[in-house]
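Data first, discussion second: the structure below is written as structure tokens.
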Amino acid sequence: MDHHFRAFSFVDRITSVQESSRIAGSYTVPARIEAFPGSLVAEAVGQLAAWAAMAAVNFERRPVAGLAGAIDLGEPVCPGQVLELSAELETIDEEAVAYSGTASVEGIPVVRLRNCLGPMVPVREFDDPQALRDRYALLRGEGAAPGAFGGVPHLAMHSIGGEPGKRLSGSYQVPTSAPLFADHFPRRPVFPGSLLMHMNLELARRLALEITPPEGTAVWALETISDVKLRTFIPPGEQLECEARLSQQANCHILLTVETRNGKKLIGGARVKLAARKAV
């Protein structure tokens, strides 16, 4: 099977484009998959912004994951729901695209991206420019057939130690091959930054389970991811070490720092804010 535009593409239709300053679209989360985490909802918003950025430069360059000032997380998205996507592009040039964006379900925001910056790279190094032009035309026309995504790939994090309630670390081996690499990207496979975020958030959740929430509440819930930085591409087969650390604890919030390294090289990091909530 050809996995291009199937294994890791999260825009089914582009409904409007306003002079490269605003773009709107949608994505139907396949009903058959088990889950669609917030990191992939953010990826969908980023992909929508990328389509606007690529079209603005005639598909000669494309943005890749770089910086996000903040990602606000709302209610979880369920399989079968339709994401209403929008992105506001502040600047686009050959060096970078600056944008913000929102994903909503039935008019209620579920993810909001603020102050994002995606470095622009030559399209030909990563994908076929004509294939992207054809896909863009399809998305702006009849739209792509929904249901192509097969679900989040199995990502096994191996725990390697920590300090209860203070620090938790783990290691992860990026697959040497996987269907998603045929989509991200065909000419230069790169492990998606959104999946790295997903792994780090899972590590943060595990650390939060070791921290007692305030009296009258029962759980720590993810609220905001801020100061997100991805410093380099992650090729297939890389060995990654991830760590989550407690940075601050207030009455109803905790702030964790997450970082990923390859040996001594810092790959990326972020701050994760969790709020104390009553059990549903």
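Chain labels run A, B, ... following the order of the structure tokens; each chain numbers its residues from 1, and ligands are numbered from 1 in the order shown.
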Contacts of A:Thr176 at 10 Å (only C-alpha atoms; same-chain gap of 2+ positions) as a PyMOL selection string = chain A and resi 173-174+178+181+189+191+235-238
DSSP strand (DSSP E) residues within stretch 17-237 of chain A, as a PDB file with N, CA, C and O atoms, in the first residue's frame:
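Writing done, so here's states-v5.pdb:
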```pdb
ATOM      1  N   VAL A  17      -9.317  29.680   2.057  1.00  0.00           N
ATOM      2  CA  VAL A  17      -7.987  30.282   2.170  1.00  0.00           C
ATOM      3  C   VAL A  17      -8.157  31.768   1.902  1.00  0.00           C
ATOM      4  O   VAL A  17      -8.731  32.153   0.885  1.00  0.00           O
ATOM      5  N   GLN A  18      -7.661  32.586   2.809  1.00  0.00           N
ATOM      6  CA  GLN A  18      -7.789  34.034   2.674  1.00  0.00           C
ATOM      7  C   GLN A  18      -6.410  34.666   2.486  1.00  0.00           C
ATOM      8  O   GLN A  18      -5.719  34.968   3.452  1.00  0.00           O
ATOM      9  N   ARG A  22      -5.112  33.311   6.397  1.00  0.00           N
ATOM     10  CA  ARG A  22      -5.973  32.449   7.192  1.00  0.00           C
ATOM     11  C   ARG A  22      -6.399  31.263   6.335  1.00  0.00           C
ATOM     12  O   ARG A  22      -6.694  31.408   5.157  1.00  0.00           O
ATOM     13  N   ILE A  23      -6.447  30.107   6.951  1.00  0.00           N
ATOM     14  CA  ILE A  23      -6.855  28.894   6.249  1.00  0.00           C
ATOM     15  C   ILE A  23      -7.736  28.089   7.187  1.00  0.00           C
ATOM     16  O   ILE A  23      -7.526  28.073   8.414  1.00  0.00           O
ATOM     17  N   ALA A  24      -8.740  27.455   6.644  1.00  0.00           N
ATOM     18  CA  ALA A  24      -9.648  26.626   7.429  1.00  0.00           C
ATOM     19  C   ALA A  24      -9.841  25.287   6.730  1.00  0.00           C
ATOM     20  O   ALA A  24      -9.758  25.187   5.506  1.00  0.00           O
ATOM     21  N   GLY A  25     -10.074  24.255   7.517  1.00  0.00           N
ATOM     22  CA  GLY A  25     -10.274  22.927   6.960  1.00  0.00           C
ATOM     23  C   GLY A  25     -10.864  21.990   7.990  1.00  0.00           C
ATOM     24  O   GLY A  25     -11.329  22.411   9.059  1.00  0.00           O
ATOM     25  N   SER A  26     -10.832  20.706   7.689  1.00  0.00           N
ATOM     26  CA  SER A  26     -11.401  19.721   8.598  1.00  0.00           C
ATOM     27  C   SER A  26     -10.676  18.391   8.476  1.00  0.00           C
ATOM     28  O   SER A  26      -9.995  18.121   7.481  1.00  0.00           O
ATOM     29  N   TYR A  27     -10.851  17.580   9.504  1.00  0.00           N
ATOM     30  CA  TYR A  27     -10.292  16.225   9.505  1.00  0.00           C
ATOM     31  C   TYR A  27     -11.233  15.334  10.304  1.00  0.00           C
ATOM     32  O   TYR A  27     -11.578  15.652  11.450  1.00  0.00           O
ATOM     33  N   THR A  28     -11.636  14.236   9.705  1.00  0.00           N
ATOM     34  CA  THR A  28     -12.477  13.257  10.389  1.00  0.00           C
ATOM     35  C   THR A  28     -11.589  12.189  11.015  1.00  0.00           C
ATOM     36  O   THR A  28     -10.881  11.464  10.309  1.00  0.00           O
ATOM     37  N   ARG A  61       9.200  25.406  -0.946  1.00  0.00           N
ATOM     38  CA  ARG A  61       9.677  25.194   0.415  1.00  0.00           C
ATOM     39  C   ARG A  61       8.505  24.767   1.283  1.00  0.00           C
ATOM     40  O   ARG A  61       7.352  24.990   0.940  1.00  0.00           O
ATOM     41  N   ARG A  62       8.829  24.139   2.426  1.00  0.00           N
ATOM     42  CA  ARG A  62       7.793  23.691   3.344  1.00  0.00           C
ATOM     43  C   ARG A  62       8.254  23.905   4.781  1.00  0.00           C
ATOM     44  O   ARG A  62       9.458  23.832   5.080  1.00  0.00           O
ATOM     45  N   PRO A  63       7.316  24.149   5.719  1.00  0.00           N
ATOM     46  CA  PRO A  63       7.715  24.285   7.118  1.00  0.00           C
ATOM     47  C   PRO A  63       7.846  22.924   7.793  1.00  0.00           C
ATOM     48  O   PRO A  63       7.197  21.957   7.404  1.00  0.00           O
ATOM     49  N   LEU A  67       9.194  25.663  16.829  1.00  0.00           N
ATOM     50  CA  LEU A  67       8.883  26.261  18.123  1.00  0.00           C
ATOM     51  C   LEU A  67       7.378  26.432  18.270  1.00  0.00           C
ATOM     52  O   LEU A  67       6.668  26.693  17.302  1.00  0.00           O
ATOM     53  N   ALA A  68       6.903  26.307  19.498  1.00  0.00           N
ATOM     54  CA  ALA A  68       5.518  26.636  19.839  1.00  0.00           C
ATOM     55  C   ALA A  68       5.524  27.341  21.177  1.00  0.00           C
ATOM     56  O   ALA A  68       6.033  26.797  22.166  1.00  0.00           O
ATOM     57  N   GLY A  69       4.982  28.560  21.193  1.00  0.00           N
ATOM     58  CA  GLY A  69       4.941  29.296  22.450  1.00  0.00           C
ATOM     59  C   GLY A  69       4.076  28.606  23.473  1.00  0.00           C
ATOM     60  O   GLY A  69       4.454  28.476  24.645  1.00  0.00           O
ATOM     61  N   ALA A  70       2.903  28.136  23.056  1.00  0.00           N
ATOM     62  CA  ALA A  70       2.001  27.435  23.972  1.00  0.00           C
ATOM     63  C   ALA A  70       1.004  26.605  23.182  1.00  0.00           C
ATOM     64  O   ALA A  70       0.577  26.984  22.092  1.00  0.00           O
ATOM     65  N   ILE A  71       0.631  25.468  23.759  1.00  0.00           N
ATOM     66  CA  ILE A  71      -0.429  24.609  23.219  1.00  0.00           C
ATOM     67  C   ILE A  71      -1.400  24.358  24.362  1.00  0.00           C
ATOM     68  O   ILE A  71      -1.057  23.697  25.353  1.00  0.00           O
ATOM     69  N   ASP A  72      -2.600  24.910  24.244  1.00  0.00           N
ATOM     70  CA  ASP A  72      -3.633  24.736  25.266  1.00  0.00           C
ATOM     71  C   ASP A  72      -4.472  23.522  24.921  1.00  0.00           C
ATOM     72  O   ASP A  72      -4.958  23.390  23.792  1.00  0.00           O
ATOM     73  N   LEU A  73      -4.666  22.646  25.895  1.00  0.00           N
ATOM     74  CA  LEU A  73      -5.389  21.395  25.680  1.00  0.00           C
ATOM     75  C   LEU A  73      -6.752  21.435  26.354  1.00  0.00           C
ATOM     76  O   LEU A  73      -6.852  21.761  27.542  1.00  0.00           O
ATOM     77  N   VAL A  82     -15.273  14.954  14.157  1.00  0.00           N
ATOM     78  CA  VAL A  82     -14.731  15.777  13.085  1.00  0.00           C
ATOM     79  C   VAL A  82     -14.039  16.985  13.690  1.00  0.00           C
ATOM     80  O   VAL A  82     -14.645  17.744  14.461  1.00  0.00           O
ATOM     81  N   LEU A  83     -12.761  17.168  13.365  1.00  0.00           N
ATOM     82  CA  LEU A  83     -12.006  18.332  13.810  1.00  0.00           C
ATOM     83  C   LEU A  83     -12.239  19.484  12.842  1.00  0.00           C
ATOM     84  O   LEU A  83     -12.054  19.332  11.628  1.00  0.00           O
ATOM     85  N   GLU A  84     -12.665  20.607  13.371  1.00  0.00           N
ATOM     86  CA  GLU A  84     -12.761  21.845  12.585  1.00  0.00           C
ATOM     87  C   GLU A  84     -11.464  22.608  12.819  1.00  0.00           C
ATOM     88  O   GLU A  84     -11.166  23.022  13.938  1.00  0.00           O
ATOM     89  N   LEU A  85     -10.667  22.772  11.773  1.00  0.00           N
ATOM     90  CA  LEU A  85      -9.319  23.311  11.887  1.00  0.00           C
ATOM     91  C   LEU A  85      -9.246  24.714  11.307  1.00  0.00           C
ATOM     92  O   LEU A  85      -9.864  25.014  10.291  1.00  0.00           O
ATOM     93  N   SER A  86      -8.442  25.562  11.956  1.00  0.00           N
ATOM     94  CA  SER A  86      -8.186  26.894  11.405  1.00  0.00           C
ATOM     95  C   SER A  86      -6.803  27.340  11.840  1.00  0.00           C
ATOM     96  O   SER A  86      -6.301  26.942  12.896  1.00  0.00           O
ATOM     97  N   ALA A  87      -6.165  28.147  11.002  1.00  0.00           N
ATOM     98  CA  ALA A  87      -4.840  28.682  11.315  1.00  0.00           C
ATOM     99  C   ALA A  87      -4.747  30.099  10.794  1.00  0.00           C
ATOM    100  O   ALA A  87      -5.248  30.409   9.712  1.00  0.00           O
ATOM    101  N   GLU A  88      -4.139  30.961  11.607  1.00  0.00           N
ATOM    102  CA  GLU A  88      -3.871  32.345  11.219  1.00  0.00           C
ATOM    103  C   GLU A  88      -2.373  32.475  10.999  1.00  0.00           C
ATOM    104  O   GLU A  88      -1.583  32.218  11.911  1.00  0.00           O
ATOM    105  N   LEU A  89      -1.982  32.840   9.780  1.00  0.00           N
ATOM    106  CA  LEU A  89      -0.566  32.947   9.436  1.00  0.00           C
ATOM    107  C   LEU A  89      -0.142  34.406   9.532  1.00  0.00           C
ATOM    108  O   LEU A  89      -0.649  35.258   8.804  1.00  0.00           O
ATOM    109  N   GLU A  90       0.767  34.670  10.448  1.00  0.00           N
ATOM    110  CA  GLU A  90       1.205  36.045  10.691  1.00  0.00           C
ATOM    111  C   GLU A  90       2.243  36.489   9.663  1.00  0.00           C
ATOM    112  O   GLU A  90       2.158  37.599   9.123  1.00  0.00           O
ATOM    113  N   THR A  91       3.212  35.630   9.381  1.00  0.00           N
ATOM    114  CA  THR A  91       4.217  35.916   8.361  1.00  0.00           C
ATOM    115  C   THR A  91       4.593  34.624   7.652  1.00  0.00           C
ATOM    116  O   THR A  91       4.604  33.546   8.257  1.00  0.00           O
ATOM    117  N   ILE A  92       4.879  34.738   6.345  1.00  0.00           N
ATOM    118  CA  ILE A  92       5.389  33.617   5.556  1.00  0.00           C
ATOM    119  C   ILE A  92       6.494  34.157   4.664  1.00  0.00           C
ATOM    120  O   ILE A  92       6.290  35.134   3.936  1.00  0.00           O
ATOM    121  N   ALA A  96      10.815  31.082   7.257  1.00  0.00           N
ATOM    122  CA  ALA A  96       9.959  30.533   8.307  1.00  0.00           C
ATOM    123  C   ALA A  96       8.521  30.999   8.116  1.00  0.00           C
ATOM    124  O   ALA A  96       8.245  31.966   7.401  1.00  0.00           O
ATOM    125  N   VAL A  97       7.602  30.289   8.785  1.00  0.00           N
ATOM    126  CA  VAL A  97       6.209  30.702   8.864  1.00  0.00           C
ATOM    127  C   VAL A  97       5.857  30.844  10.345  1.00  0.00           C
ATOM    128  O   VAL A  97       6.188  29.983  11.159  1.00  0.00           O
ATOM    129  N   ALA A  98       5.214  31.964  10.689  1.00  0.00           N
ATOM    130  CA  ALA A  98       4.738  32.198  12.051  1.00  0.00           C
ATOM    131  C   ALA A  98       3.213  32.091  12.029  1.00  0.00           C
ATOM    132  O   ALA A  98       2.560  32.702  11.188  1.00  0.00           O
ATOM    133  N   TYR A  99       2.665  31.318  12.947  1.00  0.00           N
ATOM    134  CA  TYR A  99       1.224  31.084  12.906  1.00  0.00           C
ATOM    135  C   TYR A  99       0.676  30.733  14.288  1.00  0.00           C
ATOM    136  O   TYR A  99       1.412  30.382  15.214  1.00  0.00           O
ATOM    137  N   SER A 100      -0.642  30.826  14.398  1.00  0.00           N
ATOM    138  CA  SER A 100      -1.395  30.319  15.533  1.00  0.00           C
ATOM    139  C   SER A 100      -2.576  29.551  14.953  1.00  0.00           C
ATOM    140  O   SER A 100      -2.889  29.675  13.764  1.00  0.00           O
ATOM    141  N   GLY A 101      -3.247  28.747  15.763  1.00  0.00           N
ATOM    142  CA  GLY A 101      -4.346  27.989  15.204  1.00  0.00           C
ATOM    143  C   GLY A 101      -5.188  27.302  16.258  1.00  0.00           C
ATOM    144  O   GLY A 101      -4.827  27.255  17.446  1.00  0.00           O
ATOM    145  N   THR A 102      -6.309  26.754  15.809  1.00  0.00           N
ATOM    146  CA  THR A 102      -7.279  26.130  16.713  1.00  0.00           C
ATOM    147  C   THR A 102      -7.886  24.892  16.064  1.00  0.00           C
ATOM    148  O   THR A 102      -8.107  24.861  14.853  1.00  0.00           O
ATOM    149  N   ALA A 103      -8.149  23.896  16.878  1.00  0.00           N
ATOM    150  CA  ALA A 103      -8.951  22.738  16.481  1.00  0.00           C
ATOM    151  C   ALA A 103     -10.166  22.694  17.390  1.00  0.00           C
ATOM    152  O   ALA A 103     -10.039  22.804  18.616  1.00  0.00           O
ATOM    153  N   SER A 104     -11.345  22.551  16.777  1.00  0.00           N
ATOM    154  CA  SER A 104     -12.589  22.518  17.546  1.00  0.00           C
ATOM    155  C   SER A 104     -13.401  21.290  17.158  1.00  0.00           C
ATOM    156  O   SER A 104     -13.239  20.732  16.066  1.00  0.00           O
ATOM    157  N   VAL A 105     -14.286  20.884  18.055  1.00  0.00           N
ATOM    158  CA  VAL A 105     -15.257  19.823  17.786  1.00  0.00           C
ATOM    159  C   VAL A 105     -16.627  20.383  18.117  1.00  0.00           C
ATOM    160  O   VAL A 105     -16.876  20.803  19.254  1.00  0.00           O
ATOM    161  N   ILE A 108     -16.549  23.767  19.809  1.00  0.00           N
ATOM    162  CA  ILE A 108     -15.858  23.903  21.097  1.00  0.00           C
ATOM    163  C   ILE A 108     -14.371  23.637  20.899  1.00  0.00           C
ATOM    164  O   ILE A 108     -13.989  22.540  20.461  1.00  0.00           O
ATOM    165  N   PRO A 109     -13.484  24.616  21.201  1.00  0.00           N
ATOM    166  CA  PRO A 109     -12.055  24.392  21.018  1.00  0.00           C
ATOM    167  C   PRO A 109     -11.537  23.240  21.871  1.00  0.00           C
ATOM    168  O   PRO A 109     -11.873  23.129  23.054  1.00  0.00           O
ATOM    169  N   VAL A 110     -10.739  22.375  21.256  1.00  0.00           N
ATOM    170  CA  VAL A 110     -10.122  21.263  21.978  1.00  0.00           C
ATOM    171  C   VAL A 110      -8.610  21.419  22.054  1.00  0.00           C
ATOM    172  O   VAL A 110      -7.965  20.873  22.956  1.00  0.00           O
ATOM    173  N   VAL A 111      -8.031  22.170  21.114  1.00  0.00           N
ATOM    174  CA  VAL A 111      -6.594  22.478  21.132  1.00  0.00           C
ATOM    175  C   VAL A 111      -6.407  23.871  20.538  1.00  0.00           C
ATOM    176  O   VAL A 111      -7.051  24.217  19.547  1.00  0.00           O
ATOM    177  N   ARG A 112      -5.544  24.648  21.173  1.00  0.00           N
ATOM    178  CA  ARG A 112      -5.218  25.973  20.653  1.00  0.00           C
ATOM    179  C   ARG A 112      -3.691  26.129  20.633  1.00  0.00           C
ATOM    180  O   ARG A 112      -3.032  25.913  21.660  1.00  0.00           O
ATOM    181  N   LEU A 113      -3.151  26.469  19.479  1.00  0.00           N
ATOM    182  CA  LEU A 113      -1.723  26.714  19.320  1.00  0.00           C
ATOM    183  C   LEU A 113      -1.479  28.213  19.292  1.00  0.00           C
ATOM    184  O   LEU A 113      -2.177  28.939  18.583  1.00  0.00           O
ATOM    185  N   ARG A 114      -0.461  28.665  20.043  1.00  0.00           N
ATOM    186  CA  ARG A 114      -0.151  30.086  20.093  1.00  0.00           C
ATOM    187  C   ARG A 114       1.336  30.305  19.819  1.00  0.00           C
ATOM    188  O   ARG A 114       2.187  29.589  20.324  1.00  0.00           O
ATOM    189  N   ASN A 115       1.613  31.315  19.003  1.00  0.00           N
ATOM    190  CA  ASN A 115       2.993  31.762  18.756  1.00  0.00           C
ATOM    191  C   ASN A 115       3.908  30.620  18.300  1.00  0.00           C
ATOM    192  O   ASN A 115       4.922  30.318  18.931  1.00  0.00           O
ATOM    193  N   CYS A 116       3.520  30.010  17.179  1.00  0.00           N
ATOM    194  CA  CYS A 116       4.311  28.912  16.612  1.00  0.00           C
ATOM    195  C   CYS A 116       5.202  29.427  15.488  1.00  0.00           C
ATOM    196  O   CYS A 116       4.835  30.356  14.765  1.00  0.00           O
ATOM    197  N   LEU A 117       6.348  28.799  15.335  1.00  0.00           N
ATOM    198  CA  LEU A 117       7.287  29.167  14.277  1.00  0.00           C
ATOM    199  C   LEU A 117       7.828  27.892  13.642  1.00  0.00           C
ATOM    200  O   LEU A 117       8.420  27.058  14.322  1.00  0.00           O
ATOM    201  N   GLY A 118       7.608  27.764  12.318  1.00  0.00           N
ATOM    202  CA  GLY A 118       8.100  26.599  11.601  1.00  0.00           C
ATOM    203  C   GLY A 118       9.163  26.989  10.601  1.00  0.00           C
ATOM    204  O   GLY A 118       8.876  27.718   9.642  1.00  0.00           O
ATOM    205  N   PRO A 119      10.412  26.552  10.775  1.00  0.00           N
ATOM    206  CA  PRO A 119      11.459  26.835   9.784  1.00  0.00           C
ATOM    207  C   PRO A 119      11.092  26.242   8.427  1.00  0.00           C
ATOM    208  O   PRO A 119      10.554  25.134   8.347  1.00  0.00           O
ATOM    209  N   MET A 120      11.380  26.976   7.358  1.00  0.00           N
ATOM    210  CA  MET A 120      11.084  26.510   6.000  1.00  0.00           C
ATOM    211  C   MET A 120      12.317  25.819   5.417  1.00  0.00           C
ATOM    212  O   MET A 120      13.444  26.324   5.537  1.00  0.00           O
ATOM    213  N   VAL A 121      12.093  24.670   4.784  1.00  0.00           N
ATOM    214  CA  VAL A 121      13.170  23.885   4.176  1.00  0.00           C
ATOM    215  C   VAL A 121      12.782  23.578   2.731  1.00  0.00           C
ATOM    216  O   VAL A 121      11.604  23.633   2.364  1.00  0.00           O
ATOM    217  N   PRO A 122      13.750  23.249   1.861  1.00  0.00           N
ATOM    218  CA  PRO A 122      13.419  22.930   0.468  1.00  0.00           C
ATOM    219  C   PRO A 122      12.517  21.708   0.358  1.00  0.00           C
ATOM    220  O   PRO A 122      12.824  20.643   0.908  1.00  0.00           O
ATOM    221  N   HIS A 158      10.917   2.607  27.761  1.00  0.00           N
ATOM    222  CA  HIS A 158      11.506   1.746  28.770  1.00  0.00           C
ATOM    223  C   HIS A 158      12.004   2.602  29.924  1.00  0.00           C
ATOM    224  O   HIS A 158      12.823   3.500  29.742  1.00  0.00           O
ATOM    225  N   SER A 159      11.483   2.347  31.110  1.00  0.00           N
ATOM    226  CA  SER A 159      11.864   3.138  32.277  1.00  0.00           C
ATOM    227  C   SER A 159      13.289   2.801  32.696  1.00  0.00           C
ATOM    228  O   SER A 159      13.683   1.631  32.741  1.00  0.00           O
ATOM    229  N   ILE A 160      14.058   3.827  32.994  1.00  0.00           N
ATOM    230  CA  ILE A 160      15.443   3.593  33.418  1.00  0.00           C
ATOM    231  C   ILE A 160      15.748   4.276  34.747  1.00  0.00           C
ATOM    232  O   ILE A 160      16.893   4.403  35.133  1.00  0.00           O
ATOM    233  N   GLY A 161      14.719   4.725  35.452  1.00  0.00           N
ATOM    234  CA  GLY A 161      14.978   5.241  36.781  1.00  0.00           C
ATOM    235  C   GLY A 161      14.365   6.594  37.043  1.00  0.00           C
ATOM    236  O   GLY A 161      13.653   7.149  36.225  1.00  0.00           O
ATOM    237  N   GLY A 162      14.668   7.124  38.220  1.00  0.00           N
ATOM    238  CA  GLY A 162      14.146   8.419  38.610  1.00  0.00           C
ATOM    239  C   GLY A 162      14.075   8.546  40.113  1.00  0.00           C
ATOM    240  O   GLY A 162      14.600   7.705  40.866  1.00  0.00           O
ATOM    241  N   GLU A 163      13.403   9.593  40.549  1.00  0.00           N
ATOM    242  CA  GLU A 163      13.189   9.869  41.966  1.00  0.00           C
ATOM    243  C   GLU A 163      11.694  10.083  42.153  1.00  0.00           C
ATOM    244  O   GLU A 163      11.121  11.004  41.566  1.00  0.00           O
ATOM    245  N   ARG A 167      11.317  13.109  39.588  1.00  0.00           N
ATOM    246  CA  ARG A 167      11.954  12.939  38.279  1.00  0.00           C
ATOM    247  C   ARG A 167      11.679  11.535  37.769  1.00  0.00           C
ATOM    248  O   ARG A 167      11.682  10.572  38.536  1.00  0.00           O
ATOM    249  N   LEU A 168      11.446  11.433  36.456  1.00  0.00           N
ATOM    250  CA  LEU A 168      11.241  10.137  35.836  1.00  0.00           C
ATOM    251  C   LEU A 168      11.898  10.164  34.461  1.00  0.00           C
ATOM    252  O   LEU A 168      11.731  11.128  33.704  1.00  0.00           O
ATOM    253  N   SER A 169      12.667   9.143  34.149  1.00  0.00           N
ATOM    254  CA  SER A 169      13.356   9.096  32.868  1.00  0.00           C
ATOM    255  C   SER A 169      13.092   7.775  32.173  1.00  0.00           C
ATOM    256  O   SER A 169      12.769   6.767  32.813  1.00  0.00           O
ATOM    257  N   GLY A 170      13.215   7.781  30.861  1.00  0.00           N
ATOM    258  CA  GLY A 170      13.001   6.569  30.091  1.00  0.00           C
ATOM    259  C   GLY A 170      13.738   6.648  28.774  1.00  0.00           C
ATOM    260  O   GLY A 170      14.196   7.722  28.354  1.00  0.00           O
ATOM    261  N   SER A 171      13.863   5.529  28.083  1.00  0.00           N
ATOM    262  CA  SER A 171      14.548   5.486  26.799  1.00  0.00           C
ATOM    263  C   SER A 171      13.610   4.939  25.739  1.00  0.00           C
ATOM    264  O   SER A 171      12.673   4.198  26.040  1.00  0.00           O
ATOM    265  N   TYR A 172      13.884   5.324  24.505  1.00  0.00           N
ATOM    266  CA  TYR A 172      13.027   4.918  23.393  1.00  0.00           C
ATOM    267  C   TYR A 172      13.872   4.744  22.141  1.00  0.00           C
ATOM    268  O   TYR A 172      14.694   5.595  21.819  1.00  0.00           O
ATOM    269  N   GLN A 173      13.641   3.638  21.450  1.00  0.00           N
ATOM    270  CA  GLN A 173      14.305   3.375  20.182  1.00  0.00           C
ATOM    271  C   GLN A 173      13.345   3.710  19.047  1.00  0.00           C
ATOM    272  O   GLN A 173      12.303   3.082  18.893  1.00  0.00           O
ATOM    273  N   VAL A 219      -7.208  13.965  40.434  1.00  0.00           N
ATOM    274  CA  VAL A 219      -6.272  13.697  39.344  1.00  0.00           C
ATOM    275  C   VAL A 219      -5.595  14.981  38.896  1.00  0.00           C
ATOM    276  O   VAL A 219      -6.103  16.093  39.108  1.00  0.00           O
ATOM    277  N   TRP A 220      -4.425  14.816  38.252  1.00  0.00           N
ATOM    278  CA  TRP A 220      -3.767  15.908  37.558  1.00  0.00           C
ATOM    279  C   TRP A 220      -4.105  15.783  36.081  1.00  0.00           C
ATOM    280  O   TRP A 220      -3.900  14.740  35.475  1.00  0.00           O
ATOM    281  N   ALA A 221      -4.625  16.855  35.492  1.00  0.00           N
ATOM    282  CA  ALA A 221      -5.017  16.844  34.081  1.00  0.00           C
ATOM    283  C   ALA A 221      -4.132  17.797  33.293  1.00  0.00           C
ATOM    284  O   ALA A 221      -3.841  18.916  33.745  1.00  0.00           O
ATOM    285  N   LEU A 222      -3.692  17.354  32.105  1.00  0.00           N
ATOM    286  CA  LEU A 222      -2.885  18.210  31.244  1.00  0.00           C
ATOM    287  C   LEU A 222      -3.660  19.469  30.876  1.00  0.00           C
ATOM    288  O   LEU A 222      -4.830  19.401  30.493  1.00  0.00           O
ATOM    289  N   GLU A 223      -2.986  20.609  30.959  1.00  0.00           N
ATOM    290  CA  GLU A 223      -3.645  21.878  30.666  1.00  0.00           C
ATOM    291  C   GLU A 223      -2.946  22.662  29.556  1.00  0.00           C
ATOM    292  O   GLU A 223      -3.569  23.080  28.586  1.00  0.00           O
ATOM    293  N   THR A 224      -1.627  22.863  29.687  1.00  0.00           N
ATOM    294  CA  THR A 224      -0.883  23.656  28.700  1.00  0.00           C
ATOM    295  C   THR A 224       0.527  23.097  28.535  1.00  0.00           C
ATOM    296  O   THR A 224       1.172  22.708  29.514  1.00  0.00           O
ATOM    297  N   ILE A 225       0.972  23.061  27.294  1.00  0.00           N
ATOM    298  CA  ILE A 225       2.371  22.756  26.985  1.00  0.00           C
ATOM    299  C   ILE A 225       2.978  24.051  26.453  1.00  0.00           C
ATOM    300  O   ILE A 225       2.434  24.650  25.521  1.00  0.00           O
ATOM    301  N   SER A 226       4.074  24.506  27.032  1.00  0.00           N
ATOM    302  CA  SER A 226       4.648  25.792  26.631  1.00  0.00           C
ATOM    303  C   SER A 226       6.145  25.661  26.349  1.00  0.00           C
ATOM    304  O   SER A 226       6.779  24.665  26.718  1.00  0.00           O
ATOM    305  N   ASP A 227       6.663  26.677  25.675  1.00  0.00           N
ATOM    306  CA  ASP A 227       8.094  26.726  25.352  1.00  0.00           C
ATOM    307  C   ASP A 227       8.562  25.442  24.657  1.00  0.00           C
ATOM    308  O   ASP A 227       9.605  24.872  24.993  1.00  0.00           O
ATOM    309  N   VAL A 228       7.771  25.003  23.685  1.00  0.00           N
ATOM    310  CA  VAL A 228       8.100  23.776  22.952  1.00  0.00           C
ATOM    311  C   VAL A 228       9.200  24.074  21.941  1.00  0.00           C
ATOM    312  O   VAL A 228       9.078  25.002  21.140  1.00  0.00           O
ATOM    313  N   LYS A 229      10.261  23.293  21.990  1.00  0.00           N
ATOM    314  CA  LYS A 229      11.382  23.474  21.059  1.00  0.00           C
ATOM    315  C   LYS A 229      11.795  22.118  20.516  1.00  0.00           C
ATOM    316  O   LYS A 229      12.012  21.170  21.271  1.00  0.00           O
ATOM    317  N   LEU A 230      11.909  22.018  19.197  1.00  0.00           N
ATOM    318  CA  LEU A 230      12.482  20.843  18.543  1.00  0.00           C
ATOM    319  C   LEU A 230      13.697  21.325  17.775  1.00  0.00           C
ATOM    320  O   LEU A 230      13.571  22.085  16.814  1.00  0.00           O
TER     321      LEU A 230
END
```
message = Using only C-alpha atoms for the distances, tell me which of A:Gly151, A:Arg124, A:Ala156, A:Pro164 is nearest to A:Arg188.
response =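 With only C-alpha atoms as the atom set, the closest residue is A:Arg124.
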query = Neighbours of A:Ala204 within 7 Å (only C-alpha atoms; same-chain residues fewer than 4 positions away dropped), as a VMD selection string?
reply = chain A and resid 200 208 244
Would you save the residues from that selection as a PDB file, in the first residue's frame, using N, CA and C atoms?
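Listing of again-v9.pdb after writing:
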```pdb
ATOM      1  N   ASN A 200       6.618  12.264  25.466  1.00  0.00           N
ATOM      2  CA  ASN A 200       6.994  13.073  26.623  1.00  0.00           C
ATOM      3  C   ASN A 200       5.796  13.357  27.526  1.00  0.00           C
ATOM      4  N   ALA A 208       3.256  12.533  37.154  1.00  0.00           N
ATOM      5  CA  ALA A 208       2.179  13.189  37.894  1.00  0.00           C
ATOM      6  C   ALA A 208       1.426  12.207  38.792  1.00  0.00           C
ATOM      7  N   ALA A 244      11.278  13.653  32.554  1.00  0.00           N
ATOM      8  CA  ALA A 244      10.303  14.599  33.076  1.00  0.00           C
ATOM      9  C   ALA A 244      10.708  14.948  34.497  1.00  0.00           C
TER      10      ALA A 244
END
```
Would you write out, as JSON lines, a table of all residues in stretch 121-231 of chain A that have an atom no more than 10 Å from an atom of stretch 45-54 of chain A, listing for each the closest atom pair and the distance in Å to one decimal, considering only C-alpha atoms and ordering rows by chain and rising residue number?
```
{"residue": "A:Val123", "atom": "CA", "partner": "A:Met54", "partner_atom": "CA", "distance": 8.6}
{"residue": "A:Pro129", "atom": "CA", "partner": "A:Met54", "partner_atom": "CA", "distance": 9.4}
{"residue": "A:Leu132", "atom": "CA", "partner": "A:Met54", "partner_atom": "CA", "distance": 8.7}
{"residue": "A:Arg133", "atom": "CA", "partner": "A:Met54", "partner_atom": "CA", "distance": 9.0}
{"residue": "A:Arg135", "atom": "CA", "partner": "A:Trp51", "partner_atom": "CA", "distance": 9.7}
{"residue": "A:Tyr136", "atom": "CA", "partner": "A:Trp51", "partner_atom": "CA", "distance": 7.1}
{"residue": "A:Leu139", "atom": "CA", "partner": "A:Trp51", "partner_atom": "CA", "distance": 9.7}
{"residue": "A:Ser194", "atom": "CA", "partner": "A:Gly46", "partner_atom": "CA", "distance": 9.8}
```
